[in-house]
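So this block is target-v2.cif, mmCIF, C-alpha atoms:
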```cif
data_data
loop_
_atom_site.group_PDB
_atom_site.id
_atom_site.type_symbol
_atom_site.label_atom_id
_atom_site.label_comp_id
_atom_site.auth_asym_id
_atom_site.auth_seq_id
_atom_site.Cartn_x
_atom_site.Cartn_y
_atom_site.Cartn_z
ATOM 1 C CA MET A 1 278.558 -17.197 63.319
ATOM 2 C CA MET A 2 276.565 -16.911 60.093
ATOM 3 C CA VAL A 3 277.824 -14.375 57.542
ATOM 4 C CA PHE A 4 275.299 -12.949 55.064
ATOM 5 C CA ASN A 5 276.814 -12.433 51.625
ATOM 6 C CA SER A 6 273.933 -12.016 49.155
ATOM 7 C CA THR A 7 272.103 -8.729 48.644
ATOM 8 C CA ASN A 8 268.601 -10.004 49.374
ATOM 9 C CA ARG A 9 269.700 -11.853 52.518
ATOM 10 C CA ILE A 10 271.478 -8.749 53.781
ATOM 11 C CA MET A 11 268.369 -6.667 53.108
ATOM 12 C CA MET A 12 266.257 -9.181 55.036
ATOM 13 C CA LEU A 13 268.569 -8.933 58.035
ATOM 14 C CA VAL A 14 268.467 -5.135 57.806
ATOM 15 C CA LEU A 15 264.670 -5.309 58.016
ATOM 16 C CA VAL A 16 264.958 -7.493 61.111
ATOM 17 C CA ALA A 17 267.583 -5.229 62.686
ATOM 18 C CA VAL A 18 265.517 -2.088 62.167
ATOM 19 C CA LEU A 19 262.511 -3.625 63.937
ATOM 20 C CA PRO A 20 263.422 -2.752 67.558
ATOM 21 C CA GLY A 21 263.685 0.962 66.834
ATOM 22 C CA ALA A 22 260.643 0.911 64.554
ATOM 23 C CA LEU A 23 258.468 -0.851 67.139
ATOM 24 C CA ILE A 24 259.566 1.481 69.933
ATOM 25 C CA SER A 25 258.827 4.463 67.696
ATOM 26 C CA THR A 26 255.385 3.019 66.948
ATOM 27 C CA TYR A 27 254.744 2.447 70.654
ATOM 28 C CA PHE A 28 255.359 6.108 71.434
ATOM 29 C CA PHE A 29 254.028 7.803 68.309
ATOM 30 C CA GLY A 30 251.316 5.432 67.138
ATOM 31 C CA LEU A 31 250.494 3.472 63.998
ATOM 32 C CA GLY A 32 251.250 6.475 61.820
ATOM 33 C CA ILE A 33 254.879 5.361 61.866
ATOM 34 C CA LEU A 34 254.012 1.968 60.371
ATOM 35 C CA ILE A 35 251.646 3.604 57.876
ATOM 36 C CA ASN A 36 254.499 5.845 56.709
ATOM 37 C CA VAL A 37 256.821 2.845 56.406
ATOM 38 C CA ALA A 38 254.252 0.854 54.419
ATOM 39 C CA THR A 39 253.486 3.831 52.175
ATOM 40 C CA CYS A 40 257.146 4.467 51.424
ATOM 41 C CA ALA A 41 257.951 0.776 50.908
ATOM 42 C CA LEU A 42 255.055 0.272 48.473
ATOM 43 C CA SER A 43 255.880 3.526 46.699
ATOM 44 C CA ALA A 44 259.495 2.398 46.387
ATOM 45 C CA ILE A 45 258.403 -0.842 44.714
ATOM 46 C CA PHE A 46 256.126 1.136 42.370
ATOM 47 C CA PHE A 47 258.786 3.645 41.293
ATOM 48 C CA GLU A 48 261.440 0.930 41.069
ATOM 49 C CA SER A 49 259.150 -1.011 38.719
ATOM 50 C CA ILE A 50 258.678 2.043 36.528
ATOM 51 C CA ALA A 51 262.412 2.697 36.404
ATOM 52 C CA LEU A 52 263.199 -0.923 35.521
ATOM 53 C CA ALA A 53 260.514 -0.973 32.825
ATOM 54 C CA LEU A 54 261.837 2.230 31.257
ATOM 55 C CA GLN A 55 265.312 0.680 31.169
ATOM 56 C CA ARG A 56 263.885 -2.573 29.803
ATOM 57 C CA LYS A 57 265.263 -4.520 32.717
ATOM 58 C CA LYS A 58 263.626 -7.539 34.298
ATOM 59 C CA LEU A 59 261.333 -6.880 37.249
ATOM 60 C CA THR A 60 263.057 -9.718 39.084
ATOM 61 C CA ALA A 61 265.572 -7.062 40.138
ATOM 62 C CA LEU A 62 262.935 -5.979 42.665
ATOM 63 C CA THR A 63 263.725 -9.049 44.731
ATOM 64 C CA ASP A 64 267.093 -7.652 45.858
ATOM 65 C CA GLY A 65 265.175 -5.629 48.460
ATOM 66 C CA THR A 66 267.214 -2.434 48.127
ATOM 67 C CA ALA A 67 264.235 -0.319 47.046
ATOM 68 C CA VAL A 68 262.150 -1.565 49.973
ATOM 69 C CA ILE A 69 264.955 -0.774 52.434
ATOM 70 C CA ALA A 70 265.258 2.763 51.057
ATOM 71 C CA GLY A 71 261.507 3.212 51.512
ATOM 72 C CA VAL A 72 261.549 1.776 55.038
ATOM 73 C CA LEU A 73 264.406 4.037 56.157
ATOM 74 C CA LEU A 74 262.689 7.089 54.698
ATOM 75 C CA GLY A 75 259.355 6.168 56.294
ATOM 76 C CA LEU A 76 260.922 5.768 59.730
ATOM 77 C CA ALA A 77 262.267 9.329 59.568
ATOM 78 C CA LEU A 78 258.867 10.941 58.902
ATOM 79 C CA PRO A 79 256.353 12.362 61.417
ATOM 80 C CA PRO A 80 253.432 9.977 61.997
ATOM 81 C CA ASP A 81 250.676 12.429 61.022
ATOM 82 C CA ILE A 82 252.183 13.628 57.749
ATOM 83 C CA ASN A 83 250.005 13.849 54.634
ATOM 84 C CA LEU A 84 250.579 10.540 52.836
ATOM 85 C CA MET A 85 251.121 12.230 49.495
ATOM 86 C CA LEU A 86 254.374 13.668 50.805
ATOM 87 C CA PRO A 87 256.012 10.273 51.537
ATOM 88 C CA VAL A 88 255.029 9.177 48.019
ATOM 89 C CA ILE A 89 256.709 12.262 46.562
ATOM 90 C CA GLY A 90 259.793 11.783 48.724
ATOM 91 C CA THR A 91 260.072 8.116 47.797
ATOM 92 C CA GLY A 92 259.735 8.963 44.118
ATOM 93 C CA PHE A 93 262.711 11.309 44.358
ATOM 94 C CA ALA A 94 264.631 8.735 46.393
ATOM 95 C CA ILE A 95 264.233 5.937 43.839
ATOM 96 C CA LEU A 96 264.203 7.842 40.558
ATOM 97 C CA PHE A 97 266.671 10.648 41.282
ATOM 98 C CA GLY A 98 268.655 9.109 44.117
ATOM 99 C CA LYS A 99 269.164 5.709 42.534
ATOM 100 C CA HIS A 100 268.166 5.139 38.919
ATOM 101 C CA VAL A 101 269.311 8.431 37.435
ATOM 102 C CA TYR A 102 272.822 7.081 38.061
ATOM 103 C CA GLY A 103 272.118 3.677 36.554
ATOM 104 C CA GLY A 104 270.526 1.755 39.396
ATOM 105 C CA LEU A 105 271.871 -0.531 42.096
ATOM 106 C CA GLY A 106 275.577 -0.148 42.762
ATOM 107 C CA HIS A 107 275.999 3.008 40.662
ATOM 108 C CA ASN A 108 274.280 5.671 42.747
ATOM 109 C CA LEU A 109 276.489 8.367 44.233
ATOM 110 C CA PHE A 110 274.029 9.471 46.923
ATOM 111 C CA ASN A 111 272.066 7.487 49.489
ATOM 112 C CA PRO A 112 268.531 7.260 48.017
ATOM 113 C CA ALA A 113 266.669 7.542 51.342
ATOM 114 C CA MET A 114 268.598 10.697 52.250
ATOM 115 C CA VAL A 115 267.905 12.195 48.818
ATOM 116 C CA GLY A 116 264.184 11.718 49.425
ATOM 117 C CA TYR A 117 264.399 13.072 52.963
ATOM 118 C CA ALA A 118 266.395 16.146 51.908
ATOM 119 C CA VAL A 119 263.878 16.956 49.163
ATOM 120 C CA MET A 120 261.019 16.656 51.645
ATOM 121 C CA ILE A 121 262.557 18.741 54.423
ATOM 122 C CA VAL A 122 263.482 21.528 51.992
ATOM 123 C CA SER A 123 260.113 21.457 50.223
ATOM 124 C CA PHE A 124 257.812 20.779 53.192
ATOM 125 C CA PRO A 125 259.665 22.020 56.320
ATOM 126 C CA LEU A 126 256.544 22.605 58.424
ATOM 127 C CA ALA A 127 255.016 19.182 57.726
ATOM 128 C CA MET A 128 258.359 17.511 58.409
ATOM 129 C CA SER A 129 258.723 19.135 61.830
ATOM 130 C CA ASN A 130 255.258 18.385 63.256
ATOM 131 C CA TRP A 131 255.861 15.503 65.646
ATOM 132 C CA PRO A 132 253.287 14.687 68.359
ATOM 133 C CA VAL A 133 253.898 16.222 71.772
ATOM 134 C CA LEU A 134 254.124 13.459 74.366
ATOM 135 C CA PHE A 135 253.159 13.819 77.987
ATOM 136 C CA ASP A 136 253.769 10.912 80.346
ATOM 137 C CA SER A 137 254.394 8.617 77.360
ATOM 138 C CA THR A 138 251.017 9.215 75.720
ATOM 139 C CA VAL A 139 250.151 11.048 72.540
ATOM 140 C CA ASP A 140 247.913 13.997 73.286
ATOM 141 C CA GLY A 141 247.060 14.778 69.668
ATOM 142 C CA VAL A 142 249.043 18.029 69.625
ATOM 143 C CA THR A 143 252.080 18.536 67.399
ATOM 144 C CA GLY A 144 255.099 20.484 68.519
ATOM 145 C CA ALA A 145 258.851 20.754 68.805
ATOM 146 C CA THR A 146 261.222 17.836 69.187
ATOM 147 C CA PRO A 147 264.092 18.000 71.716
ATOM 148 C CA LEU A 148 266.446 19.103 68.926
ATOM 149 C CA ASP A 149 264.041 21.933 68.019
ATOM 150 C CA ILE A 150 263.802 22.958 71.675
ATOM 151 C CA MET A 151 267.565 22.996 72.074
ATOM 152 C CA LYS A 152 268.198 24.891 68.844
ATOM 153 C CA PHE A 153 265.518 27.577 69.147
ATOM 154 C CA ARG A 154 265.516 28.202 72.912
ATOM 155 C CA GLY A 155 266.974 31.696 72.575
ATOM 156 C CA ALA A 156 268.661 32.965 75.749
ATOM 157 C CA THR A 157 267.089 30.269 77.914
ATOM 158 C CA THR A 158 269.457 28.012 79.820
ATOM 159 C CA ILE A 159 269.163 24.249 79.691
ATOM 160 C CA ASP A 160 268.052 24.171 83.329
ATOM 161 C CA GLU A 161 265.219 26.577 82.513
ATOM 162 C CA ILE A 162 263.893 24.500 79.632
ATOM 163 C CA TRP A 163 264.529 21.124 81.291
ATOM 164 C CA THR A 164 261.090 21.126 82.875
ATOM 165 C CA THR A 165 258.028 22.540 81.171
ATOM 166 C CA ALA A 166 255.267 24.457 82.892
ATOM 167 C CA ASN A 167 253.166 21.313 83.278
ATOM 168 C CA GLY A 168 255.910 19.551 85.196
ATOM 169 C CA PHE A 169 257.034 17.130 82.500
ATOM 170 C CA SER A 170 260.588 17.262 81.224
ATOM 171 C CA SER A 171 260.804 18.698 77.734
ATOM 172 C CA LEU A 172 264.172 17.067 77.065
ATOM 173 C CA SER A 173 264.594 13.982 79.230
ATOM 174 C CA SER A 174 261.127 12.377 79.306
ATOM 175 C CA THR A 175 260.945 11.876 75.578
ATOM 176 C CA PRO A 176 260.795 8.716 73.506
ATOM 177 C CA TRP A 177 263.833 9.623 71.469
ATOM 178 C CA GLN A 178 266.333 8.017 73.827
ATOM 179 C CA TRP A 179 264.499 4.696 73.707
ATOM 180 C CA ILE A 180 264.070 4.859 69.942
ATOM 181 C CA ASN A 181 267.788 5.450 69.507
ATOM 182 C CA ILE A 182 268.570 2.588 71.877
ATOM 183 C CA GLY A 183 266.384 0.363 69.686
ATOM 184 C CA TYR A 184 268.320 1.303 66.562
ATOM 185 C CA LEU A 185 271.594 0.865 68.446
ATOM 186 C CA ALA A 186 270.540 -2.701 69.285
ATOM 187 C CA GLY A 187 269.727 -3.309 65.635
ATOM 188 C CA GLY A 188 273.106 -1.925 64.622
ATOM 189 C CA VAL A 189 274.863 -4.335 66.969
ATOM 190 C CA ILE A 190 273.011 -7.184 65.228
ATOM 191 C CA LEU A 191 274.205 -6.003 61.801
ATOM 192 C CA ILE A 192 277.803 -5.718 62.954
ATOM 193 C CA TYR A 193 277.685 -9.101 64.687
ATOM 194 C CA TYR A 194 276.565 -10.793 61.458
ATOM 195 C CA LYS A 195 279.083 -8.739 59.446
ATOM 196 C CA CYS A 196 276.357 -7.129 57.357
ATOM 197 C CA CYS A 197 277.840 -3.667 57.752
ATOM 198 C CA ASN A 198 281.116 -2.035 58.610
ATOM 199 C CA TRP A 199 281.812 -0.763 62.124
ATOM 200 C CA GLN A 200 284.400 1.886 61.271
ATOM 201 C CA ALA A 201 282.014 4.529 59.888
ATOM 202 C CA PRO A 202 279.454 4.309 62.759
ATOM 203 C CA LEU A 203 282.240 4.423 65.337
ATOM 204 C CA ALA A 204 283.872 7.435 63.708
ATOM 205 C CA MET A 205 280.545 9.241 63.350
ATOM 206 C CA LEU A 206 279.541 8.736 66.983
ATOM 207 C CA LEU A 207 283.017 9.655 68.263
ATOM 208 C CA ALA A 208 282.973 12.848 66.166
ATOM 209 C CA LEU A 209 279.620 13.789 67.697
ATOM 210 C CA ILE A 210 280.932 13.061 71.192
ATOM 211 C CA VAL A 211 284.130 15.088 70.731
ATOM 212 C CA ALA A 212 282.426 18.082 69.075
ATOM 213 C CA SER A 213 279.608 18.252 71.622
ATOM 214 C CA SER A 214 282.053 17.824 74.521
ATOM 215 C CA VAL A 215 284.172 20.743 73.334
ATOM 216 C CA PHE A 216 281.186 23.095 73.121
ATOM 217 C CA TYR A 217 279.245 21.869 76.151
ATOM 218 C CA ASP A 218 279.476 24.135 79.176
ATOM 219 C CA SER A 219 277.117 22.308 81.545
ATOM 220 C CA GLY A 220 273.966 24.112 80.496
ATOM 221 C CA SER A 221 274.264 27.868 79.903
ATOM 222 C CA SER A 222 272.262 29.661 77.231
ATOM 223 C CA GLU A 223 275.274 29.259 74.927
ATOM 224 C CA SER A 224 275.550 25.504 75.445
ATOM 225 C CA LEU A 225 275.105 23.370 72.336
ATOM 226 C CA GLY A 226 273.965 20.232 74.164
ATOM 227 C CA SER A 227 275.720 17.410 75.967
ATOM 228 C CA PRO A 228 277.266 14.388 74.219
ATOM 229 C CA MET A 229 274.502 12.129 75.559
ATOM 230 C CA PHE A 230 271.872 14.519 74.224
ATOM 231 C CA HIS A 231 273.360 14.440 70.728
ATOM 232 C CA LEU A 232 273.843 10.673 70.739
ATOM 233 C CA PHE A 233 270.275 9.857 71.734
ATOM 234 C CA SER A 234 268.255 12.576 70.010
ATOM 235 C CA GLY A 235 266.816 12.714 66.517
ATOM 236 C CA GLY A 236 267.928 10.058 64.069
ATOM 237 C CA THR A 237 271.465 9.561 65.383
ATOM 238 C CA MET A 238 271.540 5.775 65.767
ATOM 239 C CA LEU A 239 269.302 5.121 62.748
ATOM 240 C CA VAL A 240 271.748 7.032 60.560
ATOM 241 C CA ALA A 241 274.852 5.609 62.252
ATOM 242 C CA PHE A 242 274.012 1.968 61.595
ATOM 243 C CA PHE A 243 271.569 1.969 58.686
ATOM 244 C CA VAL A 244 272.653 4.893 56.477
ATOM 245 C CA VAL A 245 276.333 5.673 57.073
ATOM 246 C CA THR A 246 277.084 1.971 56.533
ATOM 247 C CA ASP A 247 275.681 1.925 52.977
ATOM 248 C CA PRO A 248 278.510 0.230 51.036
ATOM 249 C CA VAL A 249 277.580 1.817 47.696
ATOM 250 C CA THR A 250 277.744 5.467 48.791
ATOM 251 C CA SER A 251 280.669 5.270 51.232
ATOM 252 C CA PRO A 252 284.446 4.800 50.694
ATOM 253 C CA ASN A 253 285.950 1.388 50.029
ATOM 254 C CA SER A 254 288.764 1.414 52.603
ATOM 255 C CA SER A 255 288.887 1.313 56.394
ATOM 256 C CA VAL A 256 290.712 4.642 56.525
ATOM 257 C CA GLY A 257 288.167 6.115 54.150
ATOM 258 C CA LEU A 258 285.299 4.873 56.310
ATOM 259 C CA TYR A 259 286.790 6.560 59.371
ATOM 260 C CA ILE A 260 287.064 9.841 57.463
ATOM 261 C CA PHE A 261 283.573 9.442 56.032
ATOM 262 C CA GLY A 262 281.943 8.703 59.398
ATOM 263 C CA ALA A 263 283.814 11.486 61.189
ATOM 264 C CA GLY A 264 282.767 13.928 58.481
ATOM 265 C CA VAL A 265 279.114 12.972 58.864
ATOM 266 C CA GLY A 266 279.269 13.407 62.646
ATOM 267 C CA LEU A 267 281.059 16.756 62.501
ATOM 268 C CA ILE A 268 278.842 18.245 59.773
ATOM 269 C CA THR A 269 275.749 17.054 61.611
ATOM 270 C CA PHE A 270 276.881 18.792 64.800
ATOM 271 C CA ILE A 271 277.575 22.012 62.896
ATOM 272 C CA ILE A 272 274.146 21.980 61.230
ATOM 273 C CA ARG A 273 272.404 21.122 64.501
ATOM 274 C CA SER A 274 274.177 23.972 66.257
ATOM 275 C CA TYR A 275 274.400 26.701 63.624
ATOM 276 C CA GLY A 276 272.381 25.657 60.576
ATOM 277 C CA ALA A 277 268.762 26.274 59.657
ATOM 278 C CA TYR A 278 267.590 22.733 60.474
ATOM 279 C CA PRO A 279 267.485 21.062 63.918
ATOM 280 C CA ASP A 280 268.846 17.744 62.622
ATOM 281 C CA GLY A 281 271.322 17.845 59.752
ATOM 282 C CA PHE A 282 271.976 14.192 59.061
ATOM 283 C CA ALA A 283 270.514 14.122 55.549
ATOM 284 C CA PHE A 284 272.658 17.017 54.377
ATOM 285 C CA ALA A 285 275.730 15.661 56.174
ATOM 286 C CA ILE A 286 275.286 12.273 54.489
ATOM 287 C CA LEU A 287 274.794 13.790 51.033
ATOM 288 C CA LEU A 288 277.823 16.054 51.404
ATOM 289 C CA MET A 289 280.027 13.148 52.464
ATOM 290 C CA ASN A 290 278.551 10.942 49.722
ATOM 291 C CA SER A 291 279.828 13.490 47.205
ATOM 292 C CA LEU A 292 283.290 13.316 48.789
ATOM 293 C CA ALA A 293 283.507 9.506 48.946
ATOM 294 C CA PRO A 294 285.084 9.124 45.463
ATOM 295 C CA ILE A 295 287.646 11.803 46.339
ATOM 296 C CA ILE A 296 288.489 10.048 49.613
ATOM 297 C CA ASP A 297 289.067 6.791 47.725
ATOM 298 C CA HIS A 298 291.122 8.563 45.049
ATOM 299 C CA VAL A 299 293.384 10.316 47.551
ATOM 300 C CA ARG A 300 293.937 7.070 49.447
ATOM 301 C CA LEU A 301 294.947 5.268 46.246
ATOM 302 C CA ARG A 302 297.457 8.011 45.466
ATOM 303 C CA TRP A 303 298.926 7.663 48.961
ATOM 304 C CA LEU A 304 299.451 3.945 48.365
ATOM 305 C CA LYS A 305 301.417 4.495 45.175
#
```
Would you kindly transcribe this structure into structure tokens?
Amino acid sequence: MMVFNSTNRIMMLVLVAVLPGALISTYFFGLGILINVATCALSAIFFESIALALQRKKLTALTDGTAVIAGVLLGLALPPDINLMLPVIGTGFAILFGKHVYGGLGHNLFNPAMVGYAVMIVSFPLAMSNWPVLFDSTVDGVTGATPLDIMKFRGATTIDEIWTTANGFSSLSSTPWQWINIGYLAGGVILIYYKCCNWQAPLAMLLALIVASSVFYDSGSSESLGSPMFHLFSGGTMLVAFFVVTDPVTSPNSSVGLYIFGAGVGLITFIIRSYGAYPDGFAFAILLMNSLAPIIDHVRLRWLK
């Protein structure tokens, strides 16, 4: 089995691994997904070049691929019909304030893509929530709520009552999100197989989501917070689990620390999804746990003494 040990080779494999989910997302939502990815990737290169020039560093640092990956991950999380100026703004924050304000590659405390996403969802909440409504796997040109939105803002409606919409199509089950998450899960398996990412943090994150959602799932009343399968295969669960939580720079350095980090992301995400102001809380969960990663490492070192 080949093991990838250089930064640019790892980034190349990450691009390959993210393809299944990206292509499935494009199949369901259209070329807007790829346009967002291209816009964010090119913007990342542009802002990375500016940052390197201001620091009087060689532009050859662009070849490590980390800026492009940050742009790709951000682009994949954006609605396909979003105004293209917004991805440029988000990418600028991701590269300049999420990465280079700390000194560049290897020094950033927060995941750059999640910094950009958090800035965008706080600044442009309406634009960030307008995903196309799909009926029978085709885009009808109308934007509307995602399954996470439907679950969160259903009021006193039971899950059975919202399971099928008035037109006969399922508002929760006949969505592309399950297939998109399966695509990213397949890509994550590739990364783990080639030892390009750790497996402890994704496992802990997914288990935390399963446990929390199982405890508060009551088979579908108006108080139900969603089943484990719903939480695992909705929103950006698998994209975050295998392509964001596994970032070696912004996560702890030990196996125990990775378990704590991943579990924290899963638990905070469930809390935000269930009780917070946003349907999907991964960006905020990641950033909160990023801030705790140095503390987790410090406490572990003290335990070893």
As a check of understanding: the span from CA of Asn111 in chain A to CA of Val211 in chain A is 25.6 Å
* Contacts of range 33-45 of chain A at 8 Å (all atoms listed in the file; same-chain gap of 6+ positions) as number ranges by chain -> A: 22, 25-26, 62, 67-76, 78-80, 84, 87-88, 91-92, 95
Rounded to one decimal in Å, what is the spacing between CA of Thr237 in chain A and CA of Met12 in chain A?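 Going from CA of Thr237 in chain A over to CA of Met12 in chain A, I get 22.0 Å.
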To test your reading of the syntax: which residues would the PyMOL selection byres ((chain A and resi 227) around 6) return for the file shown? Reply as a compact mmCIF listing (two decimals) with C-alpha atoms, in the coordinates of the input.
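Just written: expr37.txt:
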```
# COMPACT_ATOMS: atom_id res chain seq x y z
CA SER A 213 279.61 18.25 71.62
CA TYR A 217 279.24 21.87 76.15
CA GLY A 226 273.96 20.23 74.16
CA PRO A 228 277.27 14.39 74.22
CA MET A 229 274.50 12.13 75.56
CA PHE A 230 271.87 14.52 74.22
```
Skipping near chain neighbours, those fewer than 3 positions away, what residues fall within 7 Å of Gly21 in chain A using only C-alpha atoms, listed as a short mmCIF file (atom, residue, chain, number, x, y, z; two decimals) with C-alpha atoms, in the frame of the given file?
```cif
data_model
loop_
_atom_site.label_atom_id
_atom_site.label_comp_id
_atom_site.auth_asym_id
_atom_site.auth_seq_id
_atom_site.Cartn_x
_atom_site.Cartn_y
_atom_site.Cartn_z
CA VAL A 18 265.52 -2.09 62.17
CA ILE A 24 259.57 1.48 69.93
CA SER A 25 258.83 4.46 67.70
CA ILE A 180 264.07 4.86 69.94
CA ASN A 181 267.79 5.45 69.51
CA GLY A 183 266.38 0.36 69.69
CA TYR A 184 268.32 1.30 66.56
#
```
